[in-house]
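Take a look at the structure below.
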Amino acid sequence: MVKLIEMMLKEKLITKDAISVLVRSRPPKKISFSNLILAEMIDLPTVESFLVTKIRKGVITLSHLEKIEGINITPIIEKVAKELKIEYIDLDDIEIDMRLFSQVPYKQLLKFNIIPVEQNELNVLIVFDDPLDLAAQDVIQRLFPRKPIRIAIAKPQQIRAHLQRLEINESIKGLVSDIRKDLNQETVVGNYDEDESPAVLKLIDIILKSAIFIGASDIHIEATEKSCIIRVRVDGILRQSFTFDGDIFNPLASRMKLLSSLDIAEKRKPQDGRFSATVVGKEFDFRVSTLPTIFGESIVLRILDKSKAMIRLEDAGMSKHCYTKFSEAIKVPYGIVLVTGPTGSGKTTTLYGAINAIKDVKDKIITVEDPVEYQMPGLQQVNVKESVGLGFAAALKSILRQDPDKIMIGEIRNQETLRIAIQAALTGHLVLSTLHTNDAISSISRILDMGIEEYLVSGALVAIQAQRLVRKICKHCKKPSILDPLLYKEVESYLPENPIFYKGEGCKECGHTGYSGREMIAEVLTISETLARMIAKVASKEDLTKQALEEGFVTMFEDGIQKALDGKSTIEEIFRVARL
């Protein structure tokens with residue numbers, strides 16, 4: 001970085017005065033491209049053009065770009081590809097032909113940082129970390145003597161990630177070979193049964209263990225045109241963990257269906273099942289869903305830890321002002337409190353935390369859920385079964401005859417359920433439930449759009465919490481960071497003077513993502529008397545927002561910005577989940 005700044009000085013792209021401005025500022029600012037751009041000492045196109053030229057001349061490589069803070073390197077790599085007249089490939093957007101990997105020794109792939117992508121009748125496409133490394137190109141060309149290689153480039157970080165996954169595949173190559181032997185033997189004998197291969201059971205064990213070890217919430221087993229791909233969802237983000245040849249999918253899928261008591265012969269209809277297994281000494285439930293696709297099936301396993309302790313509301317990661325407002329809301333004797341957000345935003349966990357905080361031996365608490373994920377002592381929990389006519393509305397009608405004090409509804413899906421919930425809230429019950437809306441104030445419009453009268457809504461609503469889950473910066477590789485100049489300008493109005501941001505560099509502890517674990521960002525709208533009157537008069541969203549802000553309402557985006565300033569997450573992560 002220092003050498004590049006010196007080169008820019010020598011080429012008179014920046015001046016010594018510009019450097020002095022950064023050094024003399026209080027506190028002194030780091031000498032970086034990002035800070036020079038923010039100080040308007042140089043513009044972004046000039047920096048990009050300078051870096052492209054240095055890469056094309058071999059002064060620096062693509063890997064050096066990753067060390068430059070606060071600059072988006074994707075446009076630079078795309079320009080390098082254009083200058084060299086080669087392809088730029090986003091490795092996350094294409095399917096890699098696994099059969100090509102067997103033709104290149106893993107040590108060679110690692111040595112030259114390359115990924116064989118695909119081959120056609122004319123050539124073999126190879127992604128290189130360094131497109132100017134002619135020695136590497138010669139070595140790889142000798143491995144494909146019948147076809148010329150076609151050079152492409154990608155982000156070095158993507159290449160490393162794919163090579164790491166390939167290393168895992170190398171370690172279980174013998175197991176995959178055993179599965180093929182088992183299948184071939186069964187076919188020869190004439191008693192072919194895809195699920196009987198003992199190697200398949202070992203492979204499933206490895207898949208489950210590896211997912212649980214890294215804290216995954218879901219496992220996705222997918223059939224594609226060329227391969228069988230295993231992906232896991234960690235901290236809300238999918239990451240690829242295994243890639244096998246396509247012939248491994250059928251025995252793997254059949255065994256999964258057997259474990260879940262599903263019909264292995266049925267591949268045209270979706271199926272749902274579940275199984276339990278002890279992994280690394282702990283008992284887990286796995287909810288299994290299958291879905292027919294054009295290349296086979298998609299199988300998704302939701303991982304439920306039976307021994308997982310109920311999260312306390314104060315440990316959910318709420319900001320102090322959100323926790324205070326929400327805690328006060330759930331202590332009211334009657335009314336409806338809603339938790340809103342998209343799927344996977346932690347709504348159900350918040351409801352469990354709320355019930356845990358208010359449960360008392362003096363109160364009868366009944367929940368209706370689809371399904372009951374965690375069993376809690378002291379509650380009556382009802383599992384929805386649409387197949388026998390026990391939906392949310394039907395269950396709720398019966399619950400009201402059970403003399404409850406507090407009711408939790410897993411999700412409000414239709415007008416009938418919402419109307420019963422509001423009537424219950426108006427007749428002396430505290431009702432907690434979830435709704436799918438983007439923010440707290442939008443929930444009011446959504447409820448009215450569902451056909452509920454304004455006077456009922458204004459009388460029943462106590463508070464609405466909207467929330468998202470953001471990834472936390474890994475504490476093992478956390479370090480101060482410089483924000484991208486374009487991003488900085490977007491959030492400048494929310495920032496104090498001389499803000500400090502952080503990021504995770506990426507390490508083994510966080511799977512080289514820079515993030516580990518998740519935390520909530522939220523906004524809590526308490527329905528004051530003024531807001532209730534405005535709802536009854538069908539005030540616009542703009543007017544409701546204006547009044548809420550006057551009463552001290554803090555938006556979810558602002559809450560997220562504060563989490564980034566506190567060093568808990570990054571601005572990029574806040575934008576990913578909370579920018580409306």
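Residue numbering restarts at 1 in every chain; chains get A, B, ... in the order shown in the structure tokens, and ligands count up from 1 in that same order.
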Report as a Markdown table the residues of segment 431-544 of chain A within 12 Å of segment 162-166 of chain A, each with its shortest atom pair and distance in Å (one decimal), using only C-alpha atoms, ordered by chain and increasing residue number.
| residue | atom | partner | partner_atom | distance |
| --- | --- | --- | --- | --- |
| A:Lys508 | CA | A:Gln164 | CA | 11.1 |
| A:Gly511 | CA | A:Gln164 | CA | 9.9 |
| A:His512 | CA | A:Gln164 | CA | 10.3 |
*Would you give me, as a ChimeraX atom specification, the residues in segment 350-549 of chain A that DSSP reads as strand (DSSP E)?*
/A:365-369,380-383,406-409,430-435,461-473,478-481,501-504,515-526
*Which polymer residues have any atom within 9 Å of an atom of Glu369 of chain A, counting only C-alpha atoms, with same-chain residues fewer than 2 positions away left out, as number ranges by chain?*
A: 367, 371-373, 381-384, 392, 408-411
*Looking at only C-alpha atoms, which of A:Glu283, A:Glu83, A:Asp363, A:Glu454 is the one that sits closest to Pro131 of chain A?*
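Answer, going by the shortest atom-to-atom distance: A:Glu83.
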*Close residues, Ile574 of chain A itself excluded, 9 Å, only C-alpha atoms, min 4 positions apart in chain, as a ChimeraX atom specification*: /A:470-471,521,557,560-561,563-564,569-570,578-579
*Shell of 10 Å around Ile140 of chain A, only C-alpha atoms, local chain residues under 5 positions omitted, as a ChimeraX atom specification*: /A:104,108-109,112,114,116,126,134-135,145,148-149
